[in-house]
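Notes for the one structure printed next.
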Amino acid sequence: MIRFYFHPTPNPAKVALFLEETGLPYEAIPVDTSKGEQHAASFRAINPNGKVPAIVDTEGPGGREARVFDSTAILLYLAEKTGTLFGAPEDKPELLSWLLFIASGLGPFSGQAVHFQFAAPEGLDYAVNRYRREAERHYKVLDDHLEGRTYIVGDAYTIADISAWGWLDRASRVFKGTDDPLATFPNLKRLFETVEARPAVVRARAVGKDHPFKQVRDEEAQRALFPSNFPPIA
């Protein structure tokens with residue numbers, strides 16, 4: 001059994017999609033990051049970095065319970081565990097390269113673009129430009145790679161496509177103010193639509209829909225989500 005700790009944001013969405021694609025038995029455990037539940041000692045024991053997603057595999061290597069945190073690590077772990085969505089052996093170098101390109105570039109720059117356009121105080125034009133332009137650059141790199149390809153790696157759907165889908169789904173927030181945010185990235189748009197048409201996506205999007213996650217962005221939420229912006233509470 002996989003215990004899946006999540007909040008409905010791009011990186012947990014990737015893991016939800018993998019779990020639904022493969023049919024692995026799992027229990028979804030909500031972590032309300034706007035309430036600060038990711039900072040609880042019980043969750044920090046699973047992910048010391050206090051971020052979602054994280055999983056606990058009750059039947060890990062050697063039959064022992066295993067924790068895995070970070071969405072890319074989780075995708076790699078589960079793909080190896082199940083032997084699915086991992087691509088052909090000869091494609092592994094490319095798979096690892098694009099997974100880490102998304103994990104270290106496209107994802108973080110997209111996240112910072114969203115933060116400075118929606119959450120940060122107004123007037124930080126340099127930061128907005130910096131992160132949005134870097135997000136655009138990473139999108140263009142992947143869009144160029146996809147020219148003439150159906151999937152990111154090899155000839156089949158893999159965890160690289162799942163990883164990209166998680167952030168492409170939020171392109172309207174990354175590129176705030178655009179009616180069709182993927183219009184200038186036609187190959188990425190095609191990839192997104194290909195993944196989006198999969199039945200597992202509907203099930204993945206339903207994960208956590210019945211949980212009343214906090215929606216108000218008050219000071220409690222700001223402190224929970226961006227603790228480094230505040231002095232410690234005495």
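Every chain in the structure tokens has a letter given in the order shown (A, B, ...), and although residue numbers restart at 1 in each chain, ligands are simply numbered from 1 in the order shown.
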
Closest pair table for stretch 175-221 of chain A residues within 7 Å of stretch 20-33 of chain A, only C-alpha atoms, as CSV:
```
residue,atom,partner,partner_atom,distance
A:Ala200,CA,A:Glu21,CA,5.4
A:Arg203,CA,A:Glu20,CA,6.6
A:Ala204,CA,A:Glu20,CA,6.2
A:Gly208,CA,A:Pro30,CA,6.9
A:Phe213,CA,A:Asp32,CA,5.9
A:Lys214,CA,A:Asp32,CA,6.9
```

Can you pull out every residue within 9 Å of A:Val128, counting only C-alpha atoms, but drop anything in the same chain fewer than 2 positions away, and send it as a PyMOL selection string?
chain A and resi 112-117+124-126+130-133

Could you write those residues out with all heavy atoms, as a compact mmCIF listing (two decimals), in the first residue's frame?
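And here is the file that came out, out.txt:
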```txt
# COMPACT_ATOMS: atom_id res chain seq x y z
N GLN A 112 8.13 29.97 -9.46
CA GLN A 112 8.50 31.33 -9.07
C GLN A 112 7.76 32.37 -9.92
O GLN A 112 7.39 33.44 -9.42
CB GLN A 112 10.01 31.52 -9.18
CG GLN A 112 10.82 30.71 -8.18
CD GLN A 112 10.50 31.09 -6.74
OE1 GLN A 112 10.22 32.24 -6.44
NE2 GLN A 112 10.52 30.11 -5.86
N ALA A 113 7.52 32.07 -11.19
CA ALA A 113 6.73 32.98 -12.02
C ALA A 113 5.33 33.14 -11.45
O ALA A 113 4.79 34.25 -11.38
CB ALA A 113 6.67 32.45 -13.46
N VAL A 114 4.73 32.03 -11.03
CA VAL A 114 3.41 32.10 -10.41
C VAL A 114 3.47 32.91 -9.13
O VAL A 114 2.63 33.79 -8.88
CB VAL A 114 2.86 30.68 -10.15
CG1 VAL A 114 1.58 30.75 -9.31
CG2 VAL A 114 2.59 29.96 -11.46
N HIS A 115 4.48 32.65 -8.30
CA HIS A 115 4.57 33.34 -7.01
C HIS A 115 4.67 34.86 -7.20
O HIS A 115 3.94 35.62 -6.55
CB HIS A 115 5.79 32.85 -6.23
CG HIS A 115 6.01 33.59 -4.95
ND1 HIS A 115 5.31 33.29 -3.80
CD2 HIS A 115 6.82 34.63 -4.63
CE1 HIS A 115 5.68 34.11 -2.83
NE2 HIS A 115 6.60 34.94 -3.32
N PHE A 116 5.57 35.31 -8.07
CA PHE A 116 5.79 36.74 -8.18
C PHE A 116 4.67 37.45 -8.94
O PHE A 116 4.52 38.67 -8.80
CB PHE A 116 7.15 37.02 -8.81
CG PHE A 116 8.27 36.87 -7.83
CD1 PHE A 116 9.05 35.71 -7.79
CD2 PHE A 116 8.53 37.86 -6.89
CE1 PHE A 116 10.06 35.57 -6.85
CE2 PHE A 116 9.54 37.72 -5.95
CZ PHE A 116 10.31 36.57 -5.94
N GLN A 117 3.88 36.71 -9.71
CA GLN A 117 2.74 37.33 -10.39
C GLN A 117 1.46 37.32 -9.56
O GLN A 117 0.59 38.17 -9.76
CB GLN A 117 2.49 36.63 -11.73
CG GLN A 117 3.59 36.86 -12.75
CD GLN A 117 3.35 36.09 -14.03
OE1 GLN A 117 2.90 36.64 -15.03
NE2 GLN A 117 3.66 34.80 -14.01
N LEU A 124 7.54 44.38 -7.94
CA LEU A 124 8.75 43.58 -8.11
C LEU A 124 8.88 43.17 -9.58
O LEU A 124 8.93 41.99 -9.93
CB LEU A 124 8.70 42.35 -7.19
CG LEU A 124 8.61 42.67 -5.70
CD1 LEU A 124 8.45 41.39 -4.89
CD2 LEU A 124 9.83 43.44 -5.23
N ASP A 125 8.96 44.19 -10.45
CA ASP A 125 8.93 43.94 -11.88
C ASP A 125 10.13 43.13 -12.36
O ASP A 125 10.02 42.31 -13.27
CB ASP A 125 8.87 45.26 -12.65
CG ASP A 125 7.57 46.01 -12.40
OD1 ASP A 125 6.61 45.39 -11.92
OD2 ASP A 125 7.52 47.22 -12.69
N TYR A 126 11.30 43.37 -11.77
CA TYR A 126 12.49 42.62 -12.18
C TYR A 126 12.28 41.13 -11.93
O TYR A 126 12.58 40.30 -12.80
CB TYR A 126 13.72 43.10 -11.42
CG TYR A 126 14.95 42.27 -11.73
CD1 TYR A 126 15.75 42.56 -12.84
CD2 TYR A 126 15.29 41.15 -10.95
CE1 TYR A 126 16.86 41.78 -13.15
CE2 TYR A 126 16.39 40.37 -11.26
CZ TYR A 126 17.18 40.69 -12.36
OH TYR A 126 18.25 39.91 -12.67
N ARG A 130 12.16 38.25 -14.69
CA ARG A 130 13.20 37.22 -14.60
C ARG A 130 12.60 35.82 -14.64
O ARG A 130 12.99 34.98 -15.46
CB ARG A 130 14.00 37.42 -13.31
CG ARG A 130 14.78 36.22 -12.80
CD ARG A 130 15.96 35.90 -13.65
NE ARG A 130 16.75 34.82 -13.05
CZ ARG A 130 17.65 34.12 -13.71
NH1 ARG A 130 17.92 34.40 -14.97
NH2 ARG A 130 18.33 33.17 -13.11
N TYR A 131 11.62 35.55 -13.78
CA TYR A 131 11.10 34.19 -13.67
C TYR A 131 10.17 33.84 -14.82
O TYR A 131 10.19 32.71 -15.31
CB TYR A 131 10.43 33.99 -12.31
CG TYR A 131 11.44 33.93 -11.21
CD1 TYR A 131 11.52 34.93 -10.24
CD2 TYR A 131 12.37 32.90 -11.14
CE1 TYR A 131 12.48 34.88 -9.23
CE2 TYR A 131 13.33 32.84 -10.15
CZ TYR A 131 13.38 33.83 -9.20
OH TYR A 131 14.34 33.78 -8.22
N ARG A 132 9.39 34.81 -15.28
CA ARG A 132 8.52 34.50 -16.41
C ARG A 132 9.34 34.23 -17.67
O ARG A 132 9.05 33.29 -18.42
CB ARG A 132 7.54 35.65 -16.63
CG ARG A 132 6.60 35.40 -17.79
CD ARG A 132 5.36 36.25 -17.70
NE ARG A 132 4.59 36.18 -18.91
CZ ARG A 132 3.30 36.45 -19.01
NH1 ARG A 132 2.63 36.81 -17.92
NH2 ARG A 132 2.66 36.38 -20.16
N ARG A 133 10.39 35.02 -17.90
CA ARG A 133 11.22 34.81 -19.09
C ARG A 133 11.97 33.48 -19.02
O ARG A 133 12.14 32.80 -20.04
CB ARG A 133 12.21 35.97 -19.26
CG ARG A 133 11.58 37.31 -19.56
CD ARG A 133 10.78 37.31 -20.83
NE ARG A 133 10.26 38.62 -21.15
CZ ARG A 133 9.33 38.87 -22.05
NH1 ARG A 133 8.80 37.86 -22.73
NH2 ARG A 133 8.90 40.09 -22.27
```

Using only C-alpha atoms, pick whichever of A:Arg149, A:Arg64, A:Arg217, A:His138 has the shortest atom-to-atom distance to A:Ser104.
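The closest residue to A:Ser104 is A:His138.
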
Determine, for each residue of stretch 59-101 of chain A having at least one atom at most 12 Å from an atom of stretch 162-167 of chain A, the closest pair of atoms and their separation in Å to one decimal, counting only C-alpha atoms; order by chain and ascending number, as JSON lines.
```
{"residue": "A:Asp70", "atom": "CA", "partner": "A:Ser163", "partner_atom": "CA", "distance": 11.7}
{"residue": "A:Ser71", "atom": "CA", "partner": "A:Ser163", "partner_atom": "CA", "distance": 8.2}
{"residue": "A:Thr72", "atom": "CA", "partner": "A:Ser163", "partner_atom": "CA", "distance": 7.5}
{"residue": "A:Ala73", "atom": "CA", "partner": "A:Ser163", "partner_atom": "CA", "distance": 11.0}
{"residue": "A:Ile74", "atom": "CA", "partner": "A:Ser163", "partner_atom": "CA", "distance": 10.8}
{"residue": "A:Leu75", "atom": "CA", "partner": "A:Ser163", "partner_atom": "CA", "distance": 8.2}
{"residue": "A:Leu76", "atom": "CA", "partner": "A:Ser163", "partner_atom": "CA", "distance": 10.6}
{"residue": "A:Ala79", "atom": "CA", "partner": "A:Ile162", "partner_atom": "CA", "distance": 11.5}
{"residue": "A:Leu85", "atom": "CA", "partner": "A:Ile162", "partner_atom": "CA", "distance": 9.2}
{"residue": "A:Phe86", "atom": "CA", "partner": "A:Ile162", "partner_atom": "CA", "distance": 11.0}
{"residue": "A:Leu95", "atom": "CA", "partner": "A:Ser163", "partner_atom": "CA", "distance": 11.0}
{"residue": "A:Leu96", "atom": "CA", "partner": "A:Ser163", "partner_atom": "CA", "distance": 11.6}
{"residue": "A:Trp98", "atom": "CA", "partner": "A:Ala164", "partner_atom": "CA", "distance": 9.2}
{"residue": "A:Leu99", "atom": "CA", "partner": "A:Ser163", "partner_atom": "CA", "distance": 7.1}
{"residue": "A:Leu100", "atom": "CA", "partner": "A:Ser163", "partner_atom": "CA", "distance": 9.8}
{"residue": "A:Phe101", "atom": "CA", "partner": "A:Ala164", "partner_atom": "CA", "distance": 9.8}
```

Give me the residues within 12 Å of A:Phe230 as an MDAnalysis selection string, counting only C-alpha atoms and dropping any in the same chain fewer than 6 places off.
chainID A and resid 219:224

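You will find atom CA of A:Phe175 at 25.4 Å from atom CA of A:Pro227.
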
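Comparing the minimum interatomic distances between A:Leu146 and each of A:Ile159, A:Leu191, A:Ala41, A:Ala13, counting only C-alpha atoms, we find that A:Leu191 sits nearest.
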
What is the distance between atom CA of A:Pro61 and atom CA of A:Thr82, in Å to one decimal?
12.3 Å

Looking at A:Gly87, A:Gly50, A:Gly111, A:Gly62, which one is nearest to A:Leu168, with distances taken over only C-alpha atoms?
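Once distances to A:Leu168 are computed over only C-alpha atoms, the minimum belongs to A:Gly111.
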
Given only C-alpha atoms as the basis, pick out the residue of A:Val195, A:Ala103, A:Val201, A:Val52 nearest to A:Glu37.
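Using only C-alpha atoms, A:Glu37 sits closest to A:Val52.
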
Pick out each residue of stretch 4-232 of chain A that DSSP on the backbone tags as strand (DSSP E or B); I need them as a list in words.
Phe4, Tyr5, Phe6, Tyr26, Glu27, Ala28, Ile29, Pro30, Ala54, Ile55, Val56, Asp57, Ala66, Arg67, Val68 and Phe69 of chain A

Those residues you just picked out, can you put them in a file as an mmCIF file, in the first residue's frame with N, CA and C atoms?
```
data_model
loop_
_atom_site.group_PDB
_atom_site.id
_atom_site.type_symbol
_atom_site.label_atom_id
_atom_site.label_comp_id
_atom_site.auth_asym_id
_atom_site.auth_seq_id
_atom_site.Cartn_x
_atom_site.Cartn_y
_atom_site.Cartn_z
ATOM 1 N N PHE A 4 -0.099 8.268 0.270
ATOM 2 C CA PHE A 4 0.227 9.390 -0.613
ATOM 3 C C PHE A 4 -0.195 10.698 0.058
ATOM 4 N N TYR A 5 0.783 11.496 0.418
ATOM 5 C CA TYR A 5 0.545 12.777 1.092
ATOM 6 C C TYR A 5 0.533 13.878 0.038
ATOM 7 N N PHE A 6 -0.567 14.632 -0.007
ATOM 8 C CA PHE A 6 -0.744 15.531 -1.149
ATOM 9 C C PHE A 6 -1.504 16.805 -0.777
ATOM 10 N N TYR A 26 -3.458 2.693 -3.120
ATOM 11 C CA TYR A 26 -2.924 3.811 -2.344
ATOM 12 C C TYR A 26 -4.003 4.448 -1.485
ATOM 13 N N GLU A 27 -3.537 5.111 -0.447
ATOM 14 C CA GLU A 27 -4.403 5.899 0.423
ATOM 15 C C GLU A 27 -3.978 7.354 0.289
ATOM 16 N N ALA A 28 -4.905 8.212 -0.114
ATOM 17 C CA ALA A 28 -4.600 9.630 -0.263
ATOM 18 C C ALA A 28 -4.778 10.327 1.082
ATOM 19 N N ILE A 29 -3.734 10.985 1.542
ATOM 20 C CA ILE A 29 -3.747 11.667 2.836
ATOM 21 C C ILE A 29 -3.530 13.155 2.596
ATOM 22 N N PRO A 30 -4.563 13.973 2.777
ATOM 23 C CA PRO A 30 -4.413 15.401 2.507
ATOM 24 C C PRO A 30 -3.508 16.093 3.516
ATOM 25 N N ALA A 54 4.739 13.486 -0.838
ATOM 26 C CA ALA A 54 5.598 12.482 -0.228
ATOM 27 C C ALA A 54 4.791 11.186 -0.190
ATOM 28 N N ILE A 55 5.493 10.078 -0.155
ATOM 29 C CA ILE A 55 4.795 8.794 -0.016
ATOM 30 C C ILE A 55 5.494 7.950 1.041
ATOM 31 N N VAL A 56 4.739 7.028 1.583
ATOM 32 C CA VAL A 56 5.291 5.938 2.378
ATOM 33 C C VAL A 56 4.820 4.649 1.721
ATOM 34 N N ASP A 57 5.760 3.832 1.323
ATOM 35 C CA ASP A 57 5.468 2.526 0.729
ATOM 36 C C ASP A 57 5.562 1.496 1.845
ATOM 37 N N ALA A 66 9.135 2.204 3.454
ATOM 38 C CA ALA A 66 10.076 3.159 2.879
ATOM 39 C C ALA A 66 9.372 4.483 2.625
ATOM 40 N N ARG A 67 10.051 5.575 2.942
ATOM 41 C CA ARG A 67 9.531 6.902 2.621
ATOM 42 C C ARG A 67 10.248 7.419 1.378
ATOM 43 N N VAL A 68 9.537 8.183 0.572
ATOM 44 C CA VAL A 68 10.130 8.835 -0.589
ATOM 45 C C VAL A 68 9.509 10.225 -0.679
ATOM 46 N N PHE A 69 10.362 11.246 -0.814
ATOM 47 C CA PHE A 69 9.831 12.593 -0.993
ATOM 48 C C PHE A 69 10.455 13.240 -2.219
#
```

Using DSSP on the backbone, list every residue of stretch 25-94 of chain A that comes out as helix (DSSP H, G or I), and give them as a PyMOL selection string.
chain A and resi 33-35+37-39+41-44+61-63+71-82+89-94

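Residue nearest A:Ser97, chosen from A:Ile2, A:Val15, A:Val207, A:Ile152 and counting only C-alpha atoms: A:Ile152.
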